[in-house]
>>> print(open('target-v1.cif').read())   # mmCIF, C-alpha atoms and all ligand atoms
data_input
#
loop_
_atom_site.label_atom_id
_atom_site.label_comp_id
_atom_site.auth_asym_id
_atom_site.auth_seq_id
_atom_site.Cartn_x
_atom_site.Cartn_y
_atom_site.Cartn_z
CA MET S 1 -7.97 -3.64 -107.68
CA GLU S 2 -5.62 -5.97 -109.53
CA VAL S 3 -3.59 -8.47 -107.50
CA LYS S 4 -0.20 -9.74 -108.72
CA ASP S 5 2.48 -11.91 -107.13
CA THR S 6 4.09 -9.25 -104.99
CA TYR S 7 1.90 -6.20 -105.45
CA VAL S 8 -1.64 -4.88 -105.71
CA VAL S 9 -2.66 -2.08 -108.07
CA THR S 10 -5.60 0.13 -107.11
CA ILE S 11 -6.89 2.07 -110.11
CA LEU S 12 -8.19 5.55 -109.29
CA LEU S 13 -10.32 7.46 -111.78
CA ASP S 14 -10.75 11.18 -111.71
CA VAL S 15 -14.31 12.33 -111.17
CA ASN S 16 -15.09 15.77 -112.46
CA ASN S 17 -18.35 16.87 -113.98
CA ASP S 18 -17.41 20.44 -114.78
CA GLN S 19 -15.36 20.06 -117.91
CA ASP S 20 -16.17 23.55 -119.17
CA VAL S 21 -13.81 25.07 -116.66
CA ASP S 22 -11.56 22.14 -115.87
CA ASP S 23 -10.48 19.35 -118.18
CA ARG S 24 -8.67 17.20 -115.66
CA ALA S 25 -11.36 14.52 -115.97
CA GLU S 26 -10.20 11.12 -117.07
CA SER S 27 -6.78 11.40 -115.46
CA ARG S 28 -5.74 8.10 -113.94
CA SER S 29 -3.88 7.66 -110.67
CA TYR S 30 -2.63 4.38 -109.26
CA ILE S 31 -1.75 3.11 -105.82
CA VAL S 32 0.74 0.24 -105.99
CA ALA S 33 1.09 -1.62 -102.72
CA ASP S 34 3.62 -4.26 -101.79
CA ARG S 35 1.50 -7.13 -100.52
CA ASN S 36 3.59 -8.24 -97.58
CA SER S 37 4.95 -5.02 -96.15
CA GLY S 38 2.02 -2.71 -96.90
CA GLN S 39 4.51 -0.18 -98.26
CA ALA S 40 3.06 1.68 -101.20
CA ILE S 41 3.48 4.36 -103.83
CA ILE S 42 0.99 6.55 -105.65
CA ILE S 43 1.47 7.44 -109.31
CA ASP S 44 0.18 10.67 -110.91
CA THR S 45 -2.06 11.99 -108.17
CA VAL S 46 -4.49 14.83 -108.86
CA ILE S 47 -4.60 17.57 -106.22
CA GLU S 48 -8.39 17.61 -105.99
CA ASN S 49 -8.40 13.86 -105.24
CA VAL S 50 -5.82 13.78 -102.46
CA ASP S 51 -8.38 13.41 -99.64
CA ARG S 52 -9.97 10.44 -101.38
CA ASP S 53 -6.64 8.83 -102.20
CA LEU S 54 -5.33 9.17 -98.64
CA ARG S 55 -8.60 7.79 -97.25
CA ILE S 56 -8.14 4.70 -99.44
CA THR S 57 -4.52 4.19 -98.42
CA LYS S 58 -5.58 4.49 -94.77
CA GLU S 59 -8.43 2.00 -95.22
CA LEU S 60 -6.04 -0.44 -96.85
CA GLY S 61 -3.52 -0.02 -94.01
CA LEU S 62 -0.80 1.17 -96.40
CA THR S 63 2.24 3.33 -95.76
CA LEU S 64 2.86 5.68 -98.69
CA LEU S 65 6.58 5.99 -99.33
CA PHE S 66 6.64 7.73 -102.70
CA ALA S 67 4.47 10.01 -104.83
CA VAL S 68 5.67 9.29 -108.37
CA GLU S 69 5.04 11.43 -111.47
CA THR S 70 5.27 10.29 -115.08
CA HIS S 71 5.67 13.85 -116.38
CA ILE S 72 4.87 17.53 -115.91
CA HIS S 73 1.14 17.50 -116.54
CA ALA S 74 -0.57 20.31 -118.44
CA ASP S 75 -4.17 19.45 -117.60
CA HIS S 76 -4.23 19.15 -113.82
CA ILE S 77 -2.12 20.02 -110.79
CA THR S 78 -0.39 17.07 -109.21
CA GLY S 79 -1.21 16.15 -105.62
CA ALA S 80 2.41 15.13 -104.96
CA SER S 81 3.35 18.07 -102.71
CA LEU S 82 0.12 17.86 -100.72
CA ILE S 83 0.67 14.13 -100.20
CA GLN S 84 4.25 14.79 -99.12
CA GLU S 85 2.99 17.40 -96.66
CA ARG S 86 0.39 15.07 -95.19
CA THR S 87 2.26 11.75 -95.19
CA GLY S 88 5.98 12.46 -95.52
CA ALA S 89 6.10 10.47 -98.78
CA GLN S 90 8.99 11.40 -101.06
CA ILE S 91 8.31 12.99 -104.44
CA VAL S 92 9.81 11.17 -107.42
CA TYR S 93 10.01 12.34 -111.04
CA GLY S 94 11.67 10.73 -114.03
CA GLY S 95 15.22 11.76 -114.86
CA GLY S 96 14.01 13.74 -117.88
CA ALA S 97 12.35 16.26 -115.54
CA LYS S 98 15.59 17.07 -113.74
CA GLY S 99 16.48 20.71 -114.22
CA THR S 100 12.83 21.58 -114.91
CA VAL S 101 11.11 20.47 -111.71
CA THR S 102 11.90 21.83 -108.26
CA GLY S 103 10.67 20.20 -105.07
CA ALA S 104 11.30 16.58 -106.06
CA ASP S 105 13.25 14.37 -103.66
CA GLN S 106 14.47 12.01 -106.35
CA PHE S 107 14.79 11.77 -110.11
CA LEU S 108 14.74 8.25 -111.51
CA PHE S 109 16.75 7.79 -114.68
CA GLU S 110 16.41 4.88 -117.11
CA ASP S 111 16.89 1.52 -115.37
CA GLU S 112 16.97 3.09 -111.92
CA ALA S 113 14.52 1.59 -109.44
CA LEU S 114 12.37 2.40 -106.44
CA ARG S 115 11.99 -0.37 -103.89
CA PHE S 116 9.08 -0.73 -101.50
CA GLY S 117 8.93 -4.02 -99.65
CA HIS S 118 9.74 -6.72 -102.20
CA THR S 119 8.32 -4.71 -105.07
CA VAL S 120 10.66 -2.99 -107.52
CA LEU S 121 9.50 -0.18 -109.84
CA THR S 122 11.93 0.61 -112.68
CA ALA S 123 12.08 3.76 -114.79
CA LEU S 124 11.96 3.70 -118.58
CA ALA S 125 12.52 7.02 -120.37
CA THR S 126 9.70 7.45 -122.92
CA PRO S 127 9.93 11.02 -124.29
CA GLY S 128 7.62 12.35 -126.99
CA HIS S 129 4.45 13.57 -125.25
CA THR S 130 6.79 15.80 -123.24
CA ASP S 131 10.53 15.67 -123.49
CA GLY S 132 10.83 14.42 -119.92
CA CYS S 133 8.17 11.67 -119.92
CA THR S 134 9.03 8.52 -118.00
CA SER S 135 7.16 5.22 -117.82
CA TYR S 136 7.48 2.96 -114.79
CA MET S 137 7.65 -0.82 -114.94
CA LEU S 138 6.70 -3.50 -112.47
CA PRO S 139 7.06 -7.20 -113.21
CA GLY S 140 4.11 -7.73 -115.56
CA ALA S 141 2.87 -4.14 -115.74
CA VAL S 142 3.82 -0.71 -117.02
CA PHE S 143 2.50 2.76 -116.19
CA THR S 144 2.82 4.65 -119.44
CA GLY S 145 1.65 8.14 -118.45
CA ASP S 146 0.72 10.02 -121.63
CA ALA S 147 3.14 8.17 -123.92
CA LEU S 148 0.86 5.22 -124.68
CA PHE S 149 -2.89 5.20 -124.09
CA ILE S 150 -5.31 2.37 -124.69
CA ARG S 151 -5.66 2.33 -128.52
CA SER S 152 -4.19 5.84 -128.63
CA ASN S 153 -1.34 8.06 -127.47
CA GLY S 154 -0.69 11.44 -125.88
CA ARG S 155 -0.45 14.69 -127.84
CA THR S 156 2.98 15.72 -129.07
CA ASP S 157 2.51 19.45 -129.71
CA LEU S 158 3.29 20.92 -126.28
CA GLN S 159 6.13 20.93 -123.71
CA GLY S 160 8.92 19.86 -126.04
CA GLY S 161 6.77 17.09 -127.47
CA SER S 162 7.94 15.22 -130.56
CA ALA S 163 6.03 12.73 -132.70
CA GLU S 164 9.32 11.17 -133.84
CA LYS S 165 10.46 10.63 -130.28
CA LEU S 166 7.08 9.29 -129.19
CA PHE S 167 7.05 6.77 -132.02
CA ASP S 168 10.49 5.49 -130.99
CA SER S 169 9.57 5.42 -127.29
CA VAL S 170 6.50 3.30 -127.95
CA ARG S 171 7.81 1.04 -130.69
CA LYS S 172 11.38 0.51 -129.45
CA LYS S 173 10.86 0.60 -125.69
CA LEU S 174 7.27 -0.10 -124.64
CA PHE S 175 6.59 -2.60 -127.42
CA ALA S 176 9.83 -4.39 -126.45
CA LEU S 177 8.20 -5.40 -123.13
CA PRO S 178 6.64 -8.87 -122.90
CA ASP S 179 3.32 -9.10 -124.76
CA ASP S 180 1.38 -9.93 -121.60
CA THR S 181 2.54 -6.78 -119.79
CA VAL S 182 -0.50 -4.88 -118.51
CA VAL S 183 -0.62 -1.26 -119.68
CA TYR S 184 -1.95 1.34 -117.24
CA PRO S 185 -2.32 4.68 -119.06
CA GLY S 186 -2.29 8.24 -117.72
CA HIS S 187 -5.73 8.90 -119.18
CA ASP S 188 -8.57 7.08 -120.83
CA TYR S 189 -11.54 8.89 -122.31
CA GLN S 190 -13.72 5.83 -122.92
CA GLY S 191 -13.93 4.25 -119.48
CA ARG S 192 -11.30 1.55 -120.05
CA VAL S 193 -8.84 0.79 -117.27
CA SER S 194 -6.04 -1.32 -118.72
CA SER S 195 -4.71 -2.98 -121.84
CA THR S 196 -1.70 -5.13 -122.72
CA ILE S 197 1.33 -4.61 -124.92
CA ARG S 198 0.00 -7.35 -127.22
CA GLU S 199 -3.32 -5.55 -127.68
CA GLU S 200 -1.65 -2.24 -128.42
CA LYS S 201 0.76 -3.73 -130.94
CA GLN S 202 -2.27 -5.07 -132.75
CA PHE S 203 -5.03 -2.55 -132.20
CA ASN S 204 -3.55 0.82 -131.27
CA GLU S 205 -5.07 3.21 -133.79
CA ARG S 206 -1.92 5.22 -134.49
CA LEU S 207 0.91 3.01 -133.30
CA ASN S 208 0.01 -0.58 -134.17
CA LEU S 209 2.80 -2.51 -135.86
CA SER S 210 1.45 -1.96 -139.38
CA ILE S 211 1.92 1.82 -139.18
CA SER S 212 5.14 3.47 -140.36
CA LYS S 213 6.96 6.25 -138.53
CA ASP S 214 6.35 8.68 -141.40
CA THR S 215 2.62 8.01 -141.31
CA PHE S 216 2.47 8.48 -137.53
CA VAL S 217 4.50 11.69 -137.63
CA GLY S 218 2.32 13.05 -140.44
CA VAL S 219 -0.88 12.28 -138.53
CA MET S 220 0.36 13.78 -135.25
CA ASN S 221 1.72 16.92 -136.87
CA GLN S 222 -1.59 17.61 -138.61
CA ARG S 223 -3.74 17.23 -135.50
CA LYS S 224 -5.32 20.33 -134.03
CA THR S 225 -6.01 19.72 -130.36
CA PRO S 226 -7.26 22.52 -128.08
CA ARG S 227 -4.99 23.73 -125.32
CA PRO S 228 -5.73 22.19 -121.92
CA ALA S 229 -7.97 24.68 -120.10
CA LYS S 230 -5.80 24.79 -116.97
CA MET S 231 -2.46 24.67 -118.74
CA ASP S 232 -1.25 28.12 -117.66
CA ILE S 233 -1.90 27.27 -114.02
CA ALA S 234 -1.01 23.58 -114.11
CA ILE S 235 2.41 23.68 -115.78
CA PRO S 236 4.00 26.28 -113.45
CA ALA S 237 2.52 24.52 -110.39
CA ASN S 238 3.73 21.13 -111.61
CA MET S 239 7.21 22.51 -112.22
CA ARG S 240 7.18 22.92 -108.44
CA ALA S 241 5.87 19.38 -107.92
CA GLY S 242 2.36 20.75 -107.32
CA LYS S 243 3.33 23.19 -104.61
CA ILE S 244 0.93 26.12 -104.55
CA GLY S 245 1.67 29.55 -103.10
CA PRO S 246 5.03 31.00 -102.07
FE FE S 301 0.16 14.88 -120.05
#
>>> encode(input="target-v1.cif", output="structure tokens", more="lines below")
Ligand SMILES: [Fe+2]
Amino acid sequence: MEVKDTYVVTILLDVNNDQDVDDRAESRSYIVADRNSGQAIIIDTVIENVDRDLRITKELGLTLLFAVETHIHADHITGASLIQERTGAQIVYGGGAKGTVTGADQFLFEDEALRFGHTVLTALATPGHTDGCTSYMLPGAVFTGDALFIRSNGRTDLQGGSAEKLFDSVRKKLFALPDDTVVYPGHDYQGRVSSTIREEKQFNERLNLSISKDTFVGVMNQRKTPRPAKMDIAIPANMRAGKIGP
């Protein structure tokens, strides 16, 4: 748990030991709670973890107002619809997902904000991993989804991905945030939980400030990354905000 002036971030790791059939492991979800009101949101939930996540929100005495998604995930099914069903929380996607996702209550376009208590979460369009990827900013923190990882970045070869767009999203938008901004990624495969914009400008392996756009694009376009095992199930389900069945 990380406590800030107005909000508390609870970092939720995915736990999955069966990677042969399911590669959702290492997805990160976050509960952000407004300290005074107890109003809260959950970012990028995973359907298999909904019971755990709702138990935690209950223990913490929180009221979940929004289930927020950074993008249409290819590697796991979102828990957003199940959370909506169980708590009445509204489902929020970034504006870039409008027209692709059904079942969302709200689409947040660049600079638009969600308010819960005194906490304000603002959308920042960061396409490149998918064409509709959105990051979400709090004062002093940013949830980058699969645009920017700790020392790395999301793949750019699926779902309208573009290495050129990702480079611009990271370098022109995310790296324009204050250096002390805490970065909370959509995944981490080495057990790390957060970074800062300063660290990533310096140490990100593909996107640090010494690397040119041409170099980055060349590297990304040569990568051969296996398809996510659950992609053919996850993408259609996530285009319905994680709603399964008819
Ligand atoms: Fe993703």
>>> atom_distance(input="target-v1.cif", atom1="atom CA of Gly94 of chain S", atom2="atom CA of Thr215 of chain S")
28.9 Å
>>> residues_around(input="target-v1.cif", residues="segment 225-240 of chain S", least_positions_apart="4", cutoff="12 Å", atoms="all atoms listed in the file", output="ChimeraX atom specification")
/S:18-25,44-47,69-82,91,93,97-105,130,132,154-159,220-221,244-246
>>> closest_residue(input="target-v1.cif", among="S:Val68, S:Val182, S:Leu207, S:Ile83", to="Thr134 of chain S", atoms="all atoms listed in the file")
S:Val68
>>> closest_residue(input="target-v1.cif", among="S:Arg55, S:His129, S:Lys173, S:Arg35", to="ligand FE 301 (chain S)", atoms="only C-alpha atoms and all ligand atoms")
S:His129
>>> atom_distance(input="target-v1.cif", atom1="atom CA of Ala163 of chain S", atom2="atom CA of Ser210 of chain S")
16.8 Å
>>> residues_near_point(input="target-v1.cif", point="(4.0, 8.7, -121.9)", cutoff="10 Å", atoms="all atoms listed in the file", output="VMD selection string")
chain S and resid 70 to 71 124 to 136 143 to 149 153 to 155 166 169 to 170 174 185 to 186
>>> closest_residue(input="target-v1.cif", among="S:Ala123, S:Met137, S:Ser27, S:Gln190", to="ligand FE 301 (chain S)", atoms="all atoms listed in the file")
S:Ser27
>>> closest_residue(input="target-v1.cif", among="S:Gln84, S:Gln222, S:Gly38, S:Gly161", to="ligand FE 301 (chain S)", atoms="only C-alpha atoms and all ligand atoms")
S:Gly161
>>> closest_residue(input="target-v1.cif", among="S:Glu26, S:Ile56, S:Pro178, S:Phe107", to="ligand FE 301 (chain S)", atoms="all atoms listed in the file")
S:Glu26
>>> closest_residue(input="target-v1.cif", among="S:Arg28, S:Glu164, S:Gly242, S:Asp34", to="Glu85 of chain S", atoms="all atoms listed in the file")
S:Gly242
>>> atom_distance(input="target-v1.cif", atom1="atom CA of Val50 of chain S", atom2="atom CA of Thr196 of chain S")
28.0 Å
>>> axis_aligned_box(input="target-v1.cif", around="segment 153-170 of chain S", padding_each_side="8 Å", output="AutoDock Vina command-line options")
--center_x 4.6 --center_y 12.1 --center_z -128.8 --size_x 27.8 --size_y 33.6 --size_z 26.1
>>> residues_around(input="target-v1.cif", residues="Leu65 of chain S", least_positions_apart="3", cutoff="8 Å", atoms="all atoms listed in the file", output="list of chain:residue names")
S:Gln39, S:Ala40, S:Ile41, S:Gly88, S:Ala89, S:Gln90, S:Phe116
>>> residues_around(input="target-v1.cif", residues="Arg198 of chain S", least_positions_apart="4", cutoff="9 Å", atoms="all atoms listed in the file", output="ChimeraX atom specification")
/S:175,178-181,202-203
